[in-house]
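Asks: What follows is protein-v4.cif; its format and atoms are mmCIF, C-alpha atoms.
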data_query
#
loop_
_atom_site.label_atom_id
_atom_site.label_comp_id
_atom_site.auth_asym_id
_atom_site.auth_seq_id
_atom_site.Cartn_x
_atom_site.Cartn_y
_atom_site.Cartn_z
CA MET A 1 0.00 0.00 0.00
CA ARG A 2 1.01 3.61 -0.56
CA VAL A 3 0.46 5.63 2.61
CA LEU A 4 0.64 9.36 3.32
CA VAL A 5 1.13 10.43 6.95
CA THR A 6 1.10 14.16 7.64
CA GLY A 7 3.06 15.69 10.49
CA ALA A 8 5.23 12.59 10.72
CA SER A 9 8.50 14.04 11.99
CA ARG A 10 7.78 13.22 15.63
CA GLY A 11 5.24 11.92 18.13
CA ILE A 12 2.16 10.10 16.91
CA GLY A 13 2.86 10.75 13.23
CA TYR A 14 6.35 9.28 13.56
CA ALA A 15 4.99 6.16 15.27
CA VAL A 16 2.31 5.75 12.61
CA ALA A 17 4.83 6.09 9.76
CA ARG A 18 7.07 3.49 11.41
CA ALA A 19 4.17 1.07 11.94
CA PHE A 20 3.13 1.16 8.28
CA ALA A 21 6.73 0.76 7.08
CA GLU A 22 7.29 -2.18 9.40
CA ARG A 23 4.43 -4.06 7.81
CA GLY A 24 5.68 -3.43 4.28
CA ASP A 25 3.99 -0.27 3.07
CA THR A 26 5.54 2.64 1.20
CA VAL A 27 5.10 5.63 3.50
CA PHE A 28 5.33 9.28 2.45
CA ALA A 29 6.00 11.12 5.70
CA THR A 30 5.48 14.88 5.63
CA TYR A 31 7.28 17.50 7.66
CA LYS A 32 7.20 21.29 7.66
CA SER A 33 9.76 23.09 9.81
CA THR A 34 12.20 20.21 10.32
CA ALA A 35 12.47 16.57 9.30
CA ASP A 36 13.77 15.70 12.80
CA THR A 37 14.53 11.98 12.82
CA LEU A 38 12.76 11.12 9.56
CA PRO A 39 16.02 10.84 7.55
CA SER A 40 17.33 8.21 9.97
CA LEU A 41 13.96 6.43 9.95
CA ALA A 42 14.12 6.34 6.16
CA LYS A 43 17.44 4.46 6.37
CA GLU A 44 16.13 1.69 8.62
CA ASN A 45 15.71 -1.78 7.17
CA PHE A 46 11.93 -2.13 7.06
CA ALA A 47 9.81 -4.48 4.98
CA GLY A 48 8.50 -1.26 3.44
CA GLU A 49 10.05 2.20 3.29
CA VAL A 50 9.71 5.73 4.65
CA ILE A 51 10.13 8.66 2.25
CA PRO A 52 10.32 12.09 3.94
CA VAL A 53 8.59 14.86 1.94
CA TYR A 54 8.22 18.55 2.73
CA CYS A 55 4.73 20.03 2.78
CA ASP A 56 2.90 22.85 4.50
CA VAL A 57 -0.38 20.95 4.73
CA SER A 58 -2.27 24.09 5.72
CA ASP A 59 -1.46 25.67 2.34
CA GLU A 60 -3.49 24.60 -0.70
CA GLU A 61 -0.73 25.10 -3.27
CA SER A 62 1.77 23.19 -1.12
CA VAL A 63 -0.66 20.27 -0.83
CA LYS A 64 -1.29 20.23 -4.57
CA ALA A 65 2.47 20.22 -5.18
CA LEU A 66 2.83 17.31 -2.75
CA PHE A 67 0.34 15.14 -4.62
CA SER A 68 1.87 16.09 -7.95
CA GLU A 69 5.16 14.76 -6.55
CA ILE A 70 3.98 11.53 -4.90
CA GLY A 71 0.94 10.60 -7.00
CA ASN A 72 -1.94 8.49 -5.70
CA VAL A 73 -2.09 7.04 -2.19
CA ASP A 74 -4.21 4.21 -0.84
CA ILE A 75 -4.22 5.39 2.78
CA LEU A 76 -4.17 8.94 4.13
CA VAL A 77 -3.51 9.67 7.79
CA ASN A 78 -4.30 13.29 8.64
CA ASN A 79 -2.14 13.69 11.73
CA ALA A 80 -0.54 17.14 11.42
CA GLY A 81 -1.48 19.30 14.36
CA ILE A 82 -0.42 21.92 16.87
CA ALA A 83 -1.56 22.86 20.38
CA GLN A 84 -1.57 26.02 22.46
CA PHE A 85 -2.50 26.49 26.12
CA SER A 86 -4.17 29.88 26.48
CA LEU A 87 -7.18 31.64 27.95
CA LEU A 88 -9.84 32.57 25.41
CA SER A 89 -9.23 36.25 26.21
CA ASP A 90 -5.57 35.85 25.23
CA ILE A 91 -6.13 34.00 21.95
CA SER A 92 -5.56 36.32 19.00
CA GLY A 93 -7.28 36.05 15.65
CA SER A 94 -4.04 34.83 14.11
CA ASP A 95 -3.71 32.20 16.87
CA TRP A 96 -7.19 30.95 16.06
CA ASP A 97 -6.56 30.89 12.31
CA ARG A 98 -3.23 29.07 12.68
CA MET A 99 -4.82 26.42 14.91
CA LEU A 100 -7.77 25.79 12.60
CA ASP A 101 -5.60 25.88 9.47
CA THR A 102 -3.11 23.35 10.83
CA ASN A 103 -5.49 20.99 12.62
CA LEU A 104 -8.60 21.11 10.45
CA LYS A 105 -8.05 22.83 7.10
CA SER A 106 -5.07 20.54 6.43
CA ALA A 107 -7.32 17.48 6.67
CA PHE A 108 -9.75 19.06 4.20
CA LEU A 109 -6.99 19.90 1.72
CA CYS A 110 -5.24 16.52 1.90
CA SER A 111 -8.49 14.54 1.84
CA LYS A 112 -9.70 16.49 -1.17
CA GLU A 113 -6.55 15.66 -3.17
CA ALA A 114 -6.18 12.06 -1.97
CA SER A 115 -9.82 11.19 -2.60
CA LYS A 116 -9.57 12.00 -6.31
CA GLY A 117 -7.42 8.95 -6.99
CA MET A 118 -9.25 6.85 -4.43
CA ILE A 119 -12.58 7.49 -6.15
CA ARG A 120 -11.14 6.50 -9.53
CA ARG A 121 -9.80 3.23 -8.09
CA GLY A 122 -12.85 2.51 -5.91
CA PHE A 123 -10.71 2.05 -2.81
CA GLY A 124 -9.24 4.18 -0.06
CA ARG A 125 -8.74 4.73 3.64
CA ILE A 126 -8.78 8.18 5.27
CA ILE A 127 -7.90 8.24 8.96
CA ASN A 128 -8.04 11.49 10.93
CA ILE A 129 -6.26 12.05 14.23
CA SER A 130 -8.48 14.09 16.54
CA SER A 131 -8.28 14.24 20.35
CA VAL A 132 -10.29 13.41 23.43
CA TRP A 133 -10.52 17.21 23.88
CA GLY A 134 -12.55 17.28 20.67
CA ILE A 135 -15.11 15.16 22.52
CA VAL A 136 -15.15 16.61 26.05
CA GLY A 137 -13.45 20.02 25.55
CA ALA A 138 -10.48 21.41 27.44
CA SER A 139 -10.36 24.61 29.48
CA CYS A 140 -7.75 27.05 28.17
CA GLU A 141 -7.65 25.15 24.88
CA THR A 142 -10.83 26.35 23.23
CA HIS A 143 -9.35 26.75 19.76
CA TYR A 144 -7.59 23.38 19.97
CA SER A 145 -10.77 21.68 21.19
CA ALA A 146 -12.81 23.35 18.45
CA SER A 147 -10.40 22.23 15.74
CA LYS A 148 -10.45 18.63 16.97
CA ALA A 149 -14.23 18.58 17.34
CA GLY A 150 -14.46 19.88 13.80
CA LEU A 151 -12.27 17.01 12.64
CA ILE A 152 -14.71 14.51 14.13
CA GLY A 153 -17.63 16.17 12.34
CA PHE A 154 -15.61 16.24 9.12
CA THR A 155 -15.00 12.50 9.50
CA LEU A 156 -18.68 11.69 9.95
CA ALA A 157 -19.77 13.73 6.94
CA LEU A 158 -17.00 12.56 4.62
CA ALA A 159 -17.65 8.91 5.49
CA LYS A 160 -21.18 9.29 4.15
CA GLU A 161 -19.99 11.11 1.05
CA LEU A 162 -17.19 8.72 0.08
CA GLY A 163 -18.72 5.43 1.22
CA PRO A 164 -20.41 4.73 -2.14
CA SER A 165 -16.96 4.99 -3.77
CA GLY A 166 -15.49 2.25 -1.57
CA ILE A 167 -13.59 4.66 0.69
CA THR A 168 -13.73 4.44 4.48
CA VAL A 169 -13.22 7.51 6.67
CA ASN A 170 -12.55 7.08 10.37
CA CYS A 171 -11.12 9.01 13.29
CA VAL A 172 -8.80 8.23 16.20
CA SER A 173 -9.03 10.44 19.28
CA PRO A 174 -6.01 10.03 21.56
CA GLY A 175 -6.20 10.84 25.25
CA VAL A 176 -3.10 11.87 27.16
CA ILE A 177 -0.14 10.57 25.15
CA ASP A 178 3.55 10.90 25.97
CA THR A 179 4.62 13.24 23.16
CA ASP A 180 6.28 16.64 22.80
CA MET A 181 2.82 18.21 22.59
CA ASN A 182 2.37 17.48 26.30
CA ALA A 183 5.90 18.46 27.31
CA HIS A 184 4.60 21.70 28.90
CA LEU A 185 2.74 19.72 31.57
CA SER A 186 4.36 19.49 34.99
CA ASP A 187 5.02 16.23 36.81
CA GLU A 188 2.09 17.03 39.07
CA ASP A 189 -0.16 17.63 36.04
CA MET A 190 0.86 14.24 34.65
CA ARG A 191 0.16 12.51 37.97
CA VAL A 192 -3.31 14.04 38.07
CA LEU A 193 -4.00 12.92 34.50
CA CYS A 194 -2.80 9.42 35.37
CA ASP A 195 -5.20 9.37 38.32
CA GLU A 196 -8.06 10.42 36.02
CA THR A 197 -7.24 7.63 33.56
CA PRO A 198 -8.88 4.30 34.44
CA LEU A 199 -5.83 2.35 33.23
CA GLY A 200 -3.68 4.49 35.49
CA LYS A 201 -0.97 5.44 33.03
CA ILE A 202 -0.07 7.76 30.17
CA GLY A 203 -0.39 6.37 26.66
CA LYS A 204 2.34 5.95 24.09
CA ALA A 205 2.34 7.02 20.45
CA GLU A 206 2.54 3.36 19.49
CA ASN A 207 -0.85 2.78 21.12
CA VAL A 208 -2.38 5.29 18.73
CA ALA A 209 -0.57 3.72 15.77
CA GLN A 210 -2.23 0.39 16.59
CA ALA A 211 -5.65 1.99 16.24
CA VAL A 212 -4.66 3.59 12.94
CA LEU A 213 -3.57 0.20 11.57
CA PHE A 214 -6.91 -1.25 12.61
CA PHE A 215 -8.81 1.32 10.57
CA ALA A 216 -6.41 0.82 7.65
CA ASP A 217 -7.34 -2.87 7.52
CA ALA A 218 -11.03 -2.64 8.46
CA ALA A 219 -13.06 -3.10 5.28
CA PHE A 220 -16.52 -2.61 6.78
CA VAL A 221 -15.95 0.12 9.36
CA THR A 222 -16.52 3.77 8.49
CA GLY A 223 -17.65 6.96 10.17
CA GLU A 224 -16.29 5.83 13.54
CA ASN A 225 -14.36 7.76 16.18
CA LEU A 226 -12.18 5.53 18.36
CA SER A 227 -10.91 6.98 21.62
CA VAL A 228 -7.40 5.78 22.55
CA GLY A 229 -6.88 7.15 26.01
CA GLY A 230 -7.02 4.36 28.55
CA GLY A 231 -10.57 5.39 29.44
CA PHE A 232 -9.72 9.06 29.99
CA GLY A 233 -12.71 11.32 29.34
CA MET A 234 -15.36 8.63 29.64
#
Kindly present the structure from the file in structure tokens form.
Replies:
Amino acid sequence: MRVLVTGASRGIGYAVARAFAERGDTVFATYKSTADTLPSLAKENFAGEVIPVYCDVSDEESVKALFSEIGNVDILVNNAGIAQFSLLSDISGSDWDRMLDTNLKSAFLCSKEASKGMIRRGFGRIINISSVWGIVGASCETHYSASKAGLIGFTLALAKELGPSGITVNCVSPGVIDTDMNAHLSDEDMRVLCDETPLGKIGKAENVAQAVLFFADAAFVTGENLSVGGGFGM
């Protein structure tokens, strides 16, 4: 399979790219500001391969250029995202736009381009990475929560639209995962979050990758949102 994973230079995207390559897929792994460890990942001896590619997935022309370069894909994982901890009163208009462009508009742009080839071939998998905060909301993260909630709604609608063409569209909503995005949290914050998680621990990016692989293989599952958070937010 040919797989595109956006925002793959670290965290969940990196784990997802690795998981697909390990099982033998050709993975196009996008980055924007830095490729981080993608070049070394690309050199590992997988059954498949990882190909780092630059793209600003929030920019329409950049996304079009990406698909002109890589061609059709069978599986799209819309993972690119950012976070910002801020009171609503302190969020600027540009903060809001950047959050929605990166977390939500990027999924629209990439899905629009990827689905063209999928529709022609009558097959495709689109998997969006949302967040538990898109389900329950997070104080001081209103724009982040809104973008992730929008991604869930986008998933539900697109699943209905693309289903007749043989394309499934699903969503994974991680809970508290040990990634750079949560690096701002104090040790005490992490202990509290652990206590609020029924499984009593913080998740790993690999846990989310497992859910993504499930949706990639599931032929008769679409329009679903799977929470991967150890029960957090139930």
Asks: What do you get, as a list in words, if you spell out every residue that the PyMOL selection byres ((chain A and resi 71-83) around 7) selects here?
Replies: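 So the PyMOL selection byres ((chain A and resi 71-83) around 7) ends up selecting Met1, Arg2, Val3, Leu4, Val5, Thr6, Gly7, Gly13, Phe67, Ser68, Glu69, Ile70, Gln84, Phe85, Met99, Thr102, Asn103, Ala107, Ala114, Gly117, Met118, Gly124, Arg125, Ile126, Ile127, Asn128, Ile129, Tyr144 and Met181 of chain A.
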Asks: Counting all atoms listed in the file, which residue out of A:Ala19, A:Ser58, A:Ala8, A:Thr142 sits closest to A:Ala209?
Replies: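 So, comparing all the options, the nearest one is A:Ala19.
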Asks: Would you list the contacts of A:Val169 as a PyMOL selection string, taking every protein, DNA or RNA residue within 9 Å and counting all atoms listed in the file, but skipping same-chain residues closer than 6 positions in sequence?
Replies: chain A and resi 124-128+155-156+158-160+162-163+215+221-224
Asks: Using C-alpha atoms, can you write the selected residues to a file as a PDB file, keeping the file's coordinate frame?
Replies:
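As a result, result-v7.pdb now contains:
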ATOM      1  CA  GLY A 124      -9.240   4.180  -0.060  1.00  0.00           C
ATOM      2  CA  ARG A 125      -8.740   4.730   3.640  1.00  0.00           C
ATOM      3  CA  ILE A 126      -8.780   8.180   5.270  1.00  0.00           C
ATOM      4  CA  ILE A 127      -7.900   8.240   8.960  1.00  0.00           C
ATOM      5  CA  ASN A 128      -8.040  11.490  10.930  1.00  0.00           C
ATOM      6  CA  THR A 155     -15.000  12.500   9.500  1.00  0.00           C
ATOM      7  CA  LEU A 156     -18.680  11.690   9.950  1.00  0.00           C
ATOM      8  CA  LEU A 158     -17.000  12.560   4.620  1.00  0.00           C
ATOM      9  CA  ALA A 159     -17.650   8.910   5.490  1.00  0.00           C
ATOM     10  CA  LYS A 160     -21.180   9.290   4.150  1.00  0.00           C
ATOM     11  CA  LEU A 162     -17.190   8.720   0.080  1.00  0.00           C
ATOM     12  CA  GLY A 163     -18.720   5.430   1.220  1.00  0.00           C
ATOM     13  CA  PHE A 215      -8.810   1.320  10.570  1.00  0.00           C
ATOM     14  CA  VAL A 221     -15.950   0.120   9.360  1.00  0.00           C
ATOM     15  CA  THR A 222     -16.520   3.770   8.490  1.00  0.00           C
ATOM     16  CA  GLY A 223     -17.650   6.960  10.170  1.00  0.00           C
ATOM     17  CA  GLU A 224     -16.290   5.830  13.540  1.00  0.00           C
TER      18      GLU A 224
END
Asks: Show me, as a ChimeraX atom specification, the residues that have an atom within 9 Å of A:Phe46 when counting all atoms listed in the file, minus same-chain residues fewer than 3 positions from it.
Replies: /A:18,21-24,42-43,49-50
Asks: Padding 6 Å on each side, edges along x, y and z: where is the centre of the box around the listed atoms of stretch 135-143 of chain A, and how long are its edges in Å to one decimal? Output it as JSON.
Replies:
{"center_x": -11.4, "center_y": 21.1, "center_z": 24.6, "size_x": 19.5, "size_y": 23.9, "size_z": 21.7}
Asks: Taking the point (-12.2, 5.7, 32.5) as given in the file, collect each protein or nucleic acid residue that comes within 12 Å of it, counting all atoms listed in the file, and present the set as a PyMOL selection string.
Replies: chain A and resi 175+193-201+227-234
Asks: Output C-alpha atoms for every residue in that selection, as a compact mmCIF listing (two decimals), in the frame of the given file.
Replies:
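Dumped to again.txt:
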# COMPACT_ATOMS: atom_id res chain seq x y z
CA GLY A 175 -6.20 10.84 25.25
CA LEU A 193 -4.00 12.92 34.50
CA CYS A 194 -2.80 9.42 35.37
CA ASP A 195 -5.20 9.37 38.32
CA GLU A 196 -8.06 10.42 36.02
CA THR A 197 -7.24 7.63 33.56
CA PRO A 198 -8.88 4.30 34.44
CA LEU A 199 -5.83 2.35 33.23
CA GLY A 200 -3.68 4.49 35.49
CA LYS A 201 -0.97 5.44 33.03
CA SER A 227 -10.91 6.98 21.62
CA VAL A 228 -7.40 5.78 22.55
CA GLY A 229 -6.88 7.15 26.01
CA GLY A 230 -7.02 4.36 28.55
CA GLY A 231 -10.57 5.39 29.44
CA PHE A 232 -9.72 9.06 29.99
CA GLY A 233 -12.71 11.32 29.34
CA MET A 234 -15.36 8.63 29.64
Asks: What does the structure give for the distance between atom CA of A:Pro164 and atom CA of A:Val63, in Å to one decimal?
Replies: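 Separation of atom CA of A:Pro164 and atom CA of A:Val63: 25.2 Å.
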Asks: Nearest residue to A:Ala205 out of A:Arg120, A:Lys64, A:Glu188, A:Asn182, using all atoms listed in the file?
Replies: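 Once distances to A:Ala205 are computed over all atoms listed in the file, the minimum belongs to A:Asn182.
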Asks: Counting all atoms listed in the file, which residue out of A:Asp101, A:Lys116, A:Asp187, A:Pro174 sits closest to A:Trp133?
Replies: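 Under the stated criterion, the closest residue is A:Pro174.
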Asks: Could you jot down the atom CA of A:Cys110 to atom CA of A:Val27 separation for me, Å, one decimal place?
Replies: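 Here the two named atoms are 15.1 Å from each other.
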Asks: Could you tell me how far atom CA of A:Asp59 sits from atom CA of A:Glu113, in Å to one decimal place?
Replies: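 Going from atom CA of A:Glu113 over to atom CA of A:Asp59, I get 12.5 Å.
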Asks: Could you check the closest approach to A:Ile119 for each of A:Ser131, A:Ser147, A:Ser139, A:Ser165 and tell me which residue wins, using only C-alpha atoms?
Replies: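 That would be A:Ser165, the residue with the smallest distance to A:Ile119.
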Asks: Name every residue that the PyMOL selection byres ((chain A and resi 134) around 8) selects in this structure, writing the answer as a list in words with chains first and numbers rising.
Replies: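 Listing what the PyMOL selection byres ((chain A and resi 134) around 8) selects in the shown file: Ser130, Ser131, Val132, Trp133, Ile135, Val136, Gly137, Tyr144, Ser145, Ala146, Ser147, Lys148, Ala149, Gly150, Ile152 and Ser173 of chain A.
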Asks: Translate the PyMOL selection byres ((chain A and resi 53) around 7), as applied to the file shown, into an explicit residue set as a PyMOL selection string.
Replies: chain A and resi 28-31+51-52+54-55
Asks: Measuring atom to atom with only C-alpha atoms, identify which of A:Asp36, A:Asp217, A:Asp25, A:Glu60 is nearest to A:Ser111.
Replies: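 Looking only at the distances to A:Ser111, the closest residue turns out to be A:Glu60.
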Asks: Pick from A:Phe20, A:Cys140, A:Arg191, A:Gly203: nearest to A:Val176, with only C-alpha atoms counted?
Replies: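 Of A:Phe20, A:Cys140, A:Arg191, A:Gly203, the one nearest A:Val176 is A:Gly203, counting only C-alpha atoms.
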